[in-house]
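S.K.: Provided herewith: query.tsv, TSV, C-alpha atoms.
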```
chain	number	residue	atom	x	y	z
A	1	MET	CA	-127.91	45.60	-66.32
A	2	THR	CA	-127.61	42.49	-64.15
A	3	HIS	CA	-125.48	39.42	-64.77
A	4	ALA	CA	-125.81	35.71	-63.92
A	5	HIS	CA	-122.27	35.02	-62.72
A	6	PRO	CA	-121.43	33.59	-59.26
A	7	LEU	CA	-120.86	36.08	-56.44
A	8	HIS	CA	-117.96	36.32	-53.94
A	9	VAL	CA	-115.69	33.92	-55.85
A	10	ASP	CA	-112.90	34.43	-58.37
A	11	VAL	CA	-114.19	33.69	-61.88
A	12	GLU	CA	-112.97	34.24	-65.44
A	13	VAL	CA	-115.63	35.54	-67.83
A	14	ALA	CA	-115.66	37.50	-71.07
A	15	CYS	CA	-115.49	41.27	-70.61
A	16	LEU	CA	-118.50	42.85	-72.35
A	17	CYS	CA	-116.22	45.56	-73.77
A	18	CYS	CA	-113.10	43.81	-75.12
A	19	LEU	CA	-114.67	40.28	-75.22
A	20	ALA	CA	-111.47	38.80	-73.75
A	21	PRO	CA	-111.70	36.33	-70.81
A	22	GLN	CA	-110.74	38.37	-67.74
A	23	PRO	CA	-110.66	37.73	-63.96
A	24	PHE	CA	-113.63	39.05	-61.94
A	25	HIS	CA	-114.81	38.91	-58.33
A	26	PHE	CA	-118.48	39.93	-58.31
A	27	THR	CA	-120.14	41.07	-55.09
A	28	SER	CA	-123.46	42.06	-56.62
A	29	LEU	CA	-125.62	40.96	-59.54
A	30	SER	CA	-125.55	44.59	-60.71
A	31	ASP	CA	-121.73	44.75	-60.91
A	32	GLN	CA	-120.47	45.75	-64.35
A	33	VAL	CA	-119.02	42.88	-66.41
A	34	VAL	CA	-116.28	45.18	-67.68
A	35	CYS	CA	-112.62	44.49	-66.90
A	36	SER	CA	-110.27	47.00	-65.29
A	37	LEU	CA	-108.58	47.62	-68.65
A	38	CYS	CA	-111.86	48.69	-70.24
A	39	VAL	CA	-113.50	50.73	-67.44
A	40	HIS	CA	-112.24	53.94	-69.04
A	41	HIS	CA	-113.83	52.93	-72.39
A	42	ILE	CA	-117.41	53.29	-71.12
A	43	GLY	CA	-119.20	56.09	-72.95
A	44	ALA	CA	-119.88	56.70	-76.66
A	45	GLU	CA	-117.37	59.55	-76.85
A	46	LYS	CA	-114.55	57.13	-75.99
A	47	SER	CA	-115.26	54.62	-78.76
A	48	GLU	CA	-112.24	55.62	-80.87
A	49	ARG	CA	-109.77	55.01	-78.04
A	50	ARG	CA	-111.64	51.83	-77.07
A	51	ASP	CA	-111.39	50.33	-80.56
A	52	LEU	CA	-107.69	51.23	-80.86
A	53	GLU	CA	-106.84	49.63	-77.50
A	54	HIS	CA	-108.90	46.55	-78.33
A	55	VAL	CA	-107.02	46.08	-81.59
A	56	ARG	CA	-103.73	46.39	-79.71
A	57	LEU	CA	-104.94	43.87	-77.11
A	58	TRP	CA	-105.93	41.26	-79.69
A	59	ALA	CA	-102.84	41.93	-81.80
A	60	ALA	CA	-100.75	41.12	-78.72
A	61	ARG	CA	-102.79	37.96	-78.13
A	62	TRP	CA	-102.31	37.02	-81.80
A	63	ALA	CA	-98.54	37.45	-81.48
A	64	SER	CA	-98.59	35.31	-78.34
A	65	SER	CA	-100.63	32.65	-80.18
A	66	GLU	CA	-98.14	32.69	-83.06
A	67	THR	CA	-95.24	32.16	-80.64
A	68	ALA	CA	-97.07	29.37	-78.85
A	69	HIS	CA	-97.95	27.74	-82.17
A	70	ALA	CA	-94.30	27.83	-83.29
A	71	ASP	CA	-93.28	26.28	-79.97
A	72	TYR	CA	-95.95	23.63	-80.43
A	73	ILE	CA	-94.64	22.78	-83.91
A	74	ALA	CA	-91.12	22.39	-82.53
A	75	GLU	CA	-92.36	20.23	-79.65
A	76	THR	CA	-94.44	18.10	-82.02
A	77	ASP	CA	-91.45	17.55	-84.30
A	78	ALA	CA	-89.40	16.48	-81.29
A	79	LEU	CA	-92.18	14.12	-80.21
A	80	LEU	CA	-92.30	12.57	-83.67
A	81	VAL	CA	-88.54	12.00	-83.65
A	82	GLY	CA	-88.80	10.43	-80.21
A	83	ARG	CA	-91.71	8.26	-81.35
A	84	ASP	CA	-89.74	6.98	-84.32
A	85	LYS	CA	-86.86	6.07	-82.02
A	86	ASP	CA	-89.23	4.28	-79.65
A	87	LEU	CA	-90.84	2.38	-82.53
A	88	THR	CA	-87.45	1.28	-83.81
A	89	ALA	CA	-86.41	0.10	-80.35
A	90	LEU	CA	-89.68	-1.78	-79.86
A	91	ARG	CA	-89.41	-3.45	-83.25
A	92	ASP	CA	-85.88	-4.58	-82.35
A	93	GLN	CA	-87.17	-5.98	-79.04
A	94	VAL	CA	-89.97	-7.87	-80.78
A	95	ALA	CA	-87.50	-9.31	-83.32
A	96	GLU	CA	-85.13	-10.34	-80.52
A	97	LEU	CA	-87.86	-11.99	-78.48
A	98	SER	CA	-89.22	-13.75	-81.56
A	99	ALA	CA	-85.76	-15.11	-82.40
A	100	ILE	CA	-85.18	-16.38	-78.85
A	101	VAL	CA	-88.41	-18.31	-78.63
A	102	ALA	CA	-88.76	-19.23	-82.29
A	103	GLY	CA	-90.62	-22.50	-82.55
A	104	GLN	CA	-91.45	-22.45	-78.84
A	105	PHE	CA	-94.07	-20.79	-76.68
A	106	THR	CA	-96.00	-19.40	-79.63
A	107	ALA	CA	-98.78	-18.21	-77.39
A	108	GLY	CA	-96.23	-16.35	-75.26
A	109	ILE	CA	-94.86	-14.51	-78.29
A	110	GLU	CA	-98.33	-13.33	-79.24
A	111	GLY	CA	-98.90	-12.13	-75.68
A	112	VAL	CA	-95.69	-10.08	-75.71
A	113	ARG	CA	-96.50	-8.66	-79.13
A	114	SER	CA	-100.00	-7.71	-77.96
A	115	LEU	CA	-98.63	-5.86	-74.92
A	116	LEU	CA	-96.15	-3.93	-77.04
A	117	GLN	CA	-98.79	-3.00	-79.60
A	118	ASN	CA	-101.14	-1.78	-76.86
A	119	ASP	CA	-98.38	0.44	-75.49
A	120	LEU	CA	-97.78	1.94	-78.94
A	121	VAL	CA	-101.49	2.62	-79.40
A	122	LYS	CA	-101.72	4.39	-76.04
A	123	ARG	CA	-98.71	6.57	-76.85
A	124	ALA	CA	-100.16	7.51	-80.22
A	125	GLU	CA	-103.51	8.39	-78.61
A	126	ARG	CA	-101.81	10.62	-76.04
A	127	ASN	CA	-99.81	12.43	-78.74
A	128	THR	CA	-102.93	12.89	-80.87
A	129	GLU	CA	-104.88	14.38	-77.96
A	130	LEU	CA	-102.01	16.76	-77.19
A	131	ALA	CA	-101.94	17.90	-80.82
A	132	ARG	CA	-105.72	18.46	-80.82
A	133	ARG	CA	-105.57	20.63	-77.70
A	134	GLN	CA	-102.73	22.74	-79.10
A	135	ILE	CA	-104.62	23.28	-82.38
A	136	ASP	CA	-107.81	24.24	-80.47
A	137	TRP	CA	-105.87	26.78	-78.41
A	138	ALA	CA	-104.37	28.40	-81.50
A	139	MET	CA	-107.69	28.44	-83.40
A	140	ALA	CA	-109.48	30.04	-80.42
A	141	GLY	CA	-106.96	32.89	-80.57
A	142	ILE	CA	-107.50	33.31	-84.32
A	143	TRP	CA	-111.29	33.28	-83.76
A	144	ARG	CA	-111.00	36.21	-81.36
A	145	ILE	CA	-108.94	38.19	-83.88
A	146	GLU	CA	-111.47	37.40	-86.63
A	147	ALA	CA	-114.28	38.65	-84.38
A	148	LEU	CA	-112.65	42.10	-84.53
A	149	HIS	CA	-111.55	41.98	-88.18
A	150	HIS	CA	-114.07	40.72	-90.73
A	151	ASP	CA	-116.00	42.15	-93.65
A	152	ALA	CA	-118.67	44.47	-92.23
A	153	ALA	CA	-119.70	46.43	-95.34
A	154	ALA	CA	-118.56	47.05	-98.89
A	155	GLN	CA	-114.77	47.34	-98.83
A	156	LYS	CA	-114.85	47.86	-95.05
A	157	CYS	CA	-113.37	45.83	-92.18
A	158	SER	CA	-115.36	45.62	-88.94
A	159	CYS	CA	-112.56	47.59	-87.22
A	160	GLY	CA	-113.45	50.61	-89.37
A	161	ARG	CA	-110.52	50.58	-91.75
A	162	THR	CA	-110.82	49.86	-95.44
A	163	ALA	CA	-110.38	46.19	-96.35
A	164	GLY	CA	-107.08	46.85	-98.10
A	165	SER	CA	-105.55	48.79	-95.20
A	166	CYS	CA	-106.35	46.36	-92.36
A	167	ASP	CA	-103.23	44.27	-91.79
A	168	GLU	CA	-104.94	42.03	-89.24
A	169	SER	CA	-107.74	41.15	-91.66
A	170	ALA	CA	-105.24	40.43	-94.45
A	171	ALA	CA	-103.19	38.22	-92.12
A	172	ILE	CA	-106.09	35.93	-91.26
A	173	ASP	CA	-107.75	35.88	-94.70
A	174	PRO	CA	-106.04	32.57	-95.71
A	175	LEU	CA	-107.28	30.97	-92.47
A	176	ARG	CA	-110.96	32.01	-92.56
A	177	GLN	CA	-112.28	28.83	-94.20
A	178	THR	CA	-110.16	26.64	-91.93
A	179	LEU	CA	-111.43	28.67	-88.95
A	180	LEU	CA	-115.05	28.27	-90.12
A	181	ASP	CA	-114.66	24.49	-90.48
A	182	TRP	CA	-113.04	24.27	-87.04
A	183	GLU	CA	-115.80	26.38	-85.49
A	184	LYS	CA	-118.62	24.27	-87.03
A	185	LYS	CA	-116.98	21.05	-85.87
A	186	ASN	CA	-116.54	22.27	-82.31
A	187	VAL	CA	-120.06	23.73	-82.09
A	188	ALA	CA	-121.33	20.25	-83.03
A	189	LEU	CA	-119.13	18.69	-80.33
A	190	LEU	CA	-120.45	21.19	-77.78
A	191	GLN	CA	-124.07	20.51	-78.71
A	192	GLY	CA	-123.39	16.78	-78.47
A	193	GLY	CA	-122.05	17.16	-74.93
A	194	ARG	CA	-118.49	16.26	-75.94
A	195	ARG	CA	-115.16	18.00	-75.29
A	196	HIS	CA	-114.71	20.99	-77.57
A	197	GLY	CA	-112.13	23.71	-78.18
A	198	LEU	CA	-114.41	26.77	-78.34
A	199	PRO	CA	-113.35	29.70	-76.11
A	200	ALA	CA	-115.50	30.56	-73.09
A	201	ASP	CA	-116.81	33.74	-74.75
A	202	HIS	CA	-118.00	32.02	-77.94
A	203	PRO	CA	-121.74	32.65	-78.54
A	204	ALA	CA	-122.50	28.91	-78.66
A	205	VAL	CA	-120.83	28.37	-75.26
A	206	LEU	CA	-122.65	31.36	-73.74
A	207	ALA	CA	-125.96	30.06	-75.13
A	208	GLN	CA	-125.37	26.66	-73.52
A	209	ARG	CA	-124.81	28.33	-70.13
A	210	ILE	CA	-128.06	30.25	-70.37
A	211	ARG	CA	-129.94	26.98	-70.92
```
If you took the structure in this file and wrote it as structure tokens, what would it be?

M.R.:
Amino acid sequence: MTHAHPLHVDVEVACLCCLAPQPFHFTSLSDQVVCSLCVHHIGAEKSERRDLEHVRLWAARWASSETAHADYIAETDALLVGRDKDLTALRDQVAELSAIVAGQFTAGIEGVRSLLQNDLVKRAERNTELARRQIDWAMAGIWRIEALHHDAAAQKCSCGRTAGSCDESAAIDPLRQTLLDWEKKNVALLQGGRRHGLPADHPAVLAQRIR
């Protein structure tokens, strides 16, 4: 089976076994797109070990995502506190400037106020973009976990366990609708040629590359 990835350069593509983005350095179009962690999974008789190691891999990624998300929440709270302090300081400056030139240089006051407001808008836009990127990163991690743990048959999780015994599936159940909404939104952004948060191994992203 051949692939369409660049040769003789370092690239990161989704492993066809574990589906995780992994580093590759292809020297031939016939090279296997299987990472070093999954080489020993090849072969039907090794499927049980493969599935177990994949679950462990994505469980570790989920734990890492949870830690990063908690850090992001703490950082966001700190940013909000800092923003409130900045807003208070700017309001005080505007009040001081207005008092100094009250009744004089009206046009100058409006110019100063406009500059300050533009600065506040730019800060808010930067903070909003940072928050969006952090949310996209966390949702991409949840999407990968959901790809391994979803309803596959009656009372069965796609990992092979019964629905009631799969802890991973139970953990992400409350997030499935939110994940679906996020995925639909970002697929639309991708198809519209705009920045999106879908991971590199998402089917919609792979389909775009083929085109």

S.K.: If we count all atoms listed in the file, what is near Ala14 of chain A at a cut-off of 9 Å, once residues fewer than 3 positions away on the same chain are taken out, given as a PyMOL selection string?

M.R.: chain A and resi 17-23+33-35+200-201

S.K.: Hey, which of A:Ala89, A:Leu80, A:Ala188, A:Ala153 ends up closest to Ala131 of chain A? Count all atoms listed in the file.

M.R.: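 Between A:Ala89, A:Leu80, A:Ala188, A:Ala153, the residue approaching Ala131 of chain A most closely is A:Leu80.
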
S.K.: Considering all atoms listed in the file, state which residue in the set A:His3, A:Arg132, A:Arg209, A:Lys156 is at the smallest distance from Asn186 of chain A.

M.R.: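 Of A:His3, A:Arg132, A:Arg209, A:Lys156, the one nearest Asn186 of chain A, counting all atoms listed in the file, is A:Arg132.
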
S.K.: Using all atoms listed in the file for the distances, tell me which of A:Ile142, A:Lys122, A:Arg61, A:Pro199 is nearest to Thr178 of chain A.

M.R.: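 When distances to Thr178 of chain A are compared using all atoms listed in the file, the smallest one comes from A:Ile142.
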
S.K.: Take the point (-116.9, 31.8, -52.4) as written in the file and pick out every residue within 12 Å of it, counting all atoms listed in the file; give the list as number ranges by chain.

M.R.: A: 6-11, 25-27

S.K.: Between A:Ala163, A:Ala70, A:His202, A:Gln208, which one has atoms that come closest to Val13 of chain A, using only C-alpha atoms?

M.R.: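 Selected residue with least distance to Val13 of chain A: A:His202.
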
S.K.: Could you please determine the separation between atom CA of Ile145 of chain A and atom CA of Thr67 of chain A in Å, to one decimal place?

M.R.: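 Distance between the two atoms: 15.3 Å.
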
S.K.: Taking only C-alpha atoms into account, which of A:His196, A:His41, A:Arg161, A:His54 comes nearest Asp136 of chain A?

M.R.: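 Result for the nearest residue to Asp136 of chain A: A:His196.
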
S.K.: Kindly indicate which residue among A:Ala74, A:Leu130, A:Ile172, A:Ile42 lies nearest to His150 of chain A, using all atoms listed in the file for the distances.

M.R.: A:Ile172

S.K.: If I put a ball of radius 8 Å at (-98.7, 16.3, -79.0) in the file's coordinates, which residues poke into it when counting all atoms listed in the file, written as an mmCIF file with C-alpha atoms, keeping the file's coordinate frame?

M.R.:
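Result went into part11.cif, see below:
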```cif
data_model
loop_
_atom_site.group_PDB
_atom_site.id
_atom_site.type_symbol
_atom_site.label_atom_id
_atom_site.label_comp_id
_atom_site.auth_asym_id
_atom_site.auth_seq_id
_atom_site.Cartn_x
_atom_site.Cartn_y
_atom_site.Cartn_z
ATOM 1 C CA TYR A 72 -95.950 23.630 -80.430
ATOM 2 C CA GLU A 75 -92.360 20.230 -79.650
ATOM 3 C CA THR A 76 -94.440 18.100 -82.020
ATOM 4 C CA LEU A 79 -92.180 14.120 -80.210
ATOM 5 C CA ARG A 126 -101.810 10.620 -76.040
ATOM 6 C CA ASN A 127 -99.810 12.430 -78.740
ATOM 7 C CA THR A 128 -102.930 12.890 -80.870
ATOM 8 C CA GLU A 129 -104.880 14.380 -77.960
ATOM 9 C CA LEU A 130 -102.010 16.760 -77.190
ATOM 10 C CA ALA A 131 -101.940 17.900 -80.820
ATOM 11 C CA ARG A 132 -105.720 18.460 -80.820
ATOM 12 C CA GLN A 134 -102.730 22.740 -79.100
#
```

S.K.: Could you work out how far atom CA of Leu175 of chain A lies from atom CA of Val187 of chain A, giving the answer in Å with one decimal?

M.R.: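 Computing it gives 18.0 Å between the two atoms.
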
S.K.: Atom CA of Glu168 of chain A and atom CA of Lys184 of chain A are how many Å apart?

M.R.: 22.5 Å

S.K.: Quick one: residues within 12 Å of Ile210 of chain A, all atoms listed in the file counted, chain neighbours fewer than 5 positions away excluded, as a PyMOL selection string?

M.R.: chain A and resi 3-5+203-205

S.K.: Those residues you just picked out, can you put them in a file as a PDB file, keeping the file's coordinate frame with C-alpha atoms?

M.R.:
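As written to disk, part-v6.pdb reads:
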```
ATOM      1  CA  HIS A   3    -125.480  39.420 -64.770  1.00  0.00           C
ATOM      2  CA  ALA A   4    -125.810  35.710 -63.920  1.00  0.00           C
ATOM      3  CA  HIS A   5    -122.270  35.020 -62.720  1.00  0.00           C
ATOM      4  CA  PRO A 203    -121.740  32.650 -78.540  1.00  0.00           C
ATOM      5  CA  ALA A 204    -122.500  28.910 -78.660  1.00  0.00           C
ATOM      6  CA  VAL A 205    -120.830  28.370 -75.260  1.00  0.00           C
TER       7      VAL A 205
END
```
